[in-house]
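In what follows, a structure is listed as structure tokens, so that the remarks can point back to it.
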Amino acid sequence: MRLRGALVVVSVLAVALTSCKSVDQRYKDADPLACGDPSCPTYDEPKAVGPGGTVTLDAGDLFFDNVVAAAAEGDVEFTMANVGIGLHNVTIDGVNGGEPIAEAPGGETATGVGNLAAGEYVFYCAIPGHRSAGMEGTLEVVTAAEASAQPTSEPTSEPTGEATAEPTEEPTPTDEPTEGQASPQNATPVPSESSTG
């Protein structure tokens, strides 16, 4: 019985050694993979999956104004118009490696993209002293499902198909004749039931 167990062990070792010989030497001698955190130069930040969106805002001397956001998770495009005279930017901690998403000198406009997951973010101007003077704001980024469920703000010409609870008014006569009606010049006025006389 011992002999059979020994033969099985020897057979397994022989198969294992044969398998190792089939691996290319380049792969056996390769350096181990680098660590998987943001301090490593080979680290790729996880990307938010979603349609993204847009944020437009004005940056003045120590304020943000006219912020319009339609931001869903994914690549969000920031367009910052610098209406001031000094250099300003839009920065969000943890996005773009801490670099500004958009930066422009006075009187110019800059556009940049930040990849954002759903959540609430604080954006600010990273020029020293500007954030503490009040150049910051909050941005809410919604999930892709929430973004697709939100109604659009633009009116549509398509009928909604929803019934209304309010009574509709009776149609009023028009100056244009319709098929089967006389023209207004030949028509004689007909008193309505609501008129008093």
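Naming works like this for the structure tokens: A, B, ... for the chains as they're shown, residue 1 at the start of each chain, ligands 1 onward in shown order.
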Inset, instruction - Give me every helix (DSSP H, G or I) residue in stretch 81-162 of chain A, going by DSSP on the backbone, as an MDAnalysis selection string. - result: chainID A and resid 96:98 144:149
Emit the selected residues as an mmCIF file, in the first residue's frame, including N, CA and C atoms.
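So part.cif came out as:
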```cif
data_model
loop_
_atom_site.group_PDB
_atom_site.id
_atom_site.type_symbol
_atom_site.label_atom_id
_atom_site.label_comp_id
_atom_site.auth_asym_id
_atom_site.auth_seq_id
_atom_site.Cartn_x
_atom_site.Cartn_y
_atom_site.Cartn_z
ATOM 1 N N ASN A 96 -9.548 63.248 -11.312
ATOM 2 C CA ASN A 96 -8.413 63.669 -12.163
ATOM 3 C C ASN A 96 -7.112 63.760 -11.382
ATOM 4 N N GLY A 97 -6.957 62.875 -10.406
ATOM 5 C CA GLY A 97 -5.714 62.859 -9.636
ATOM 6 C C GLY A 97 -5.482 64.131 -8.849
ATOM 7 N N GLY A 98 -6.551 64.858 -8.527
ATOM 8 C CA GLY A 98 -6.424 66.100 -7.767
ATOM 9 C C GLY A 98 -6.130 67.315 -8.620
ATOM 10 N N ALA A 144 -27.279 56.206 -13.256
ATOM 11 C CA ALA A 144 -27.780 56.129 -14.633
ATOM 12 C C ALA A 144 -29.277 55.838 -14.633
ATOM 13 N N ALA A 145 -29.754 54.994 -13.715
ATOM 14 C CA ALA A 145 -31.181 54.671 -13.646
ATOM 15 C C ALA A 145 -31.996 55.897 -13.253
ATOM 16 N N GLU A 146 -31.495 56.674 -12.286
ATOM 17 C CA GLU A 146 -32.202 57.889 -11.880
ATOM 18 C C GLU A 146 -32.229 58.907 -13.012
ATOM 19 N N ALA A 147 -31.140 58.997 -13.748
ATOM 20 C CA ALA A 147 -31.075 59.962 -14.850
ATOM 21 C C ALA A 147 -32.071 59.609 -15.937
ATOM 22 N N SER A 148 -32.236 58.323 -16.233
ATOM 23 C CA SER A 148 -33.167 57.936 -17.292
ATOM 24 C C SER A 148 -34.614 58.072 -16.839
ATOM 25 N N ALA A 149 -34.856 58.074 -15.522
ATOM 26 C CA ALA A 149 -36.219 58.202 -15.008
ATOM 27 C C ALA A 149 -36.656 59.655 -14.866
#
```
Inset, instruction - Can you list, as a ChimeraX atom specification, all residues belonging to stretch 29-128 of chain A that DSSP tags as strand (DSSP E or B)? - result: /A:53-60,63-72,74-82,88-92,102-104,109-116,119-124
Inset, instruction - Would you kindly return, as a ChimeraX atom specification, each protein, DNA or RNA residue with an atom no farther than 9 Å from any atom of A:Ala104, considering only C-alpha atoms and excluding same-chain residues fewer than 4 positions away? - result: /A:80-82,86-89,108-111
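When the distance limit is 12 Å and only C-alpha atoms are what count, the residues near A:Asn115, minus those fewer than 3 positions from it on the same chain, are Glu45, Pro46, Lys47, Ala48, Val49, Gly50, Pro51, Gly52, Gly53, Thr54, Ala71, Ala72, Glu73, Gly74, Asp75, Val76, Glu77, Phe78, Ile92, Asp93, Gly94, Val95, Asn96, Gly97, Ile101, Gly112, Ala118, Tyr121 and Val141 of chain A.
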Using C-alpha atoms, can you write the selected residues to a file as a PDB file, in the first residue's frame?
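Output saved as again30.pdb:
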```pdb
ATOM      1  CA  GLU A  45      -9.059  54.548 -11.087  1.00  0.00           C
ATOM      2  CA  PRO A  46     -12.369  52.685 -11.439  1.00  0.00           C
ATOM      3  CA  LYS A  47     -14.617  54.318 -14.001  1.00  0.00           C
ATOM      4  CA  ALA A  48     -18.235  55.157 -13.285  1.00  0.00           C
ATOM      5  CA  VAL A  49     -20.597  53.535 -15.750  1.00  0.00           C
ATOM      6  CA  GLY A  50     -23.319  55.829 -17.007  1.00  0.00           C
ATOM      7  CA  PRO A  51     -24.231  58.467 -19.556  1.00  0.00           C
ATOM      8  CA  GLY A  52     -22.359  61.301 -17.830  1.00  0.00           C
ATOM      9  CA  GLY A  53     -23.651  64.815 -18.295  1.00  0.00           C
ATOM     10  CA  THR A  54     -22.744  68.482 -18.281  1.00  0.00           C
ATOM     11  CA  ALA A  71     -24.995  65.262 -14.131  1.00  0.00           C
ATOM     12  CA  ALA A  72     -25.369  61.500 -14.160  1.00  0.00           C
ATOM     13  CA  GLU A  73     -22.584  59.083 -13.260  1.00  0.00           C
ATOM     14  CA  GLY A  74     -19.921  58.728 -15.931  1.00  0.00           C
ATOM     15  CA  ASP A  75     -17.882  61.323 -17.798  1.00  0.00           C
ATOM     16  CA  VAL A  76     -19.208  64.733 -16.767  1.00  0.00           C
ATOM     17  CA  GLU A  77     -18.115  67.702 -18.904  1.00  0.00           C
ATOM     18  CA  PHE A  78     -17.448  70.930 -16.999  1.00  0.00           C
ATOM     19  CA  ILE A  92     -13.012  68.040  -7.036  1.00  0.00           C
ATOM     20  CA  ASP A  93     -10.975  66.014  -4.548  1.00  0.00           C
ATOM     21  CA  GLY A  94     -10.249  62.513  -5.823  1.00  0.00           C
ATOM     22  CA  VAL A  95     -11.096  63.345  -9.447  1.00  0.00           C
ATOM     23  CA  ASN A  96      -8.413  63.669 -12.163  1.00  0.00           C
ATOM     24  CA  GLY A  97      -5.714  62.859  -9.636  1.00  0.00           C
ATOM     25  CA  ILE A 101     -10.971  69.680 -14.176  1.00  0.00           C
ATOM     26  CA  GLY A 112     -12.674  69.553 -19.000  1.00  0.00           C
ATOM     27  CA  ALA A 118     -23.187  58.806  -8.215  1.00  0.00           C
ATOM     28  CA  TYR A 121     -19.387  66.312  -4.467  1.00  0.00           C
ATOM     29  CA  VAL A 141     -24.481  63.223  -9.449  1.00  0.00           C
TER      30      VAL A 141
END
```
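With only C-alpha atoms as the atoms that count, the residue of A:Gln150, A:Val83, A:His130, A:Leu139 with the shortest distance to A:Ala69 is A:Leu139.
Taking atom CA of A:Arg131 and atom CA of A:Asp58 as endpoints, the distance between them is 15.0 Å.
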Inset, instruction - Name the closest residue to A:Ser132 among the candidates A:Gly84, A:Leu116, A:Pro105, A:Phe63; distances are taken between atoms, counting only C-alpha atoms. - result: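 Nearest candidate to A:Ser132 out of A:Gly84, A:Leu116, A:Pro105, A:Phe63: A:Phe63.
Distance-wise, atom CA of A:Gly60 and atom CA of A:Cys125 end up 10.5 Å apart.
Note that the spacing between atom CA of A:Ala70 and atom CA of A:Ile127 amounts to 25.7 Å.
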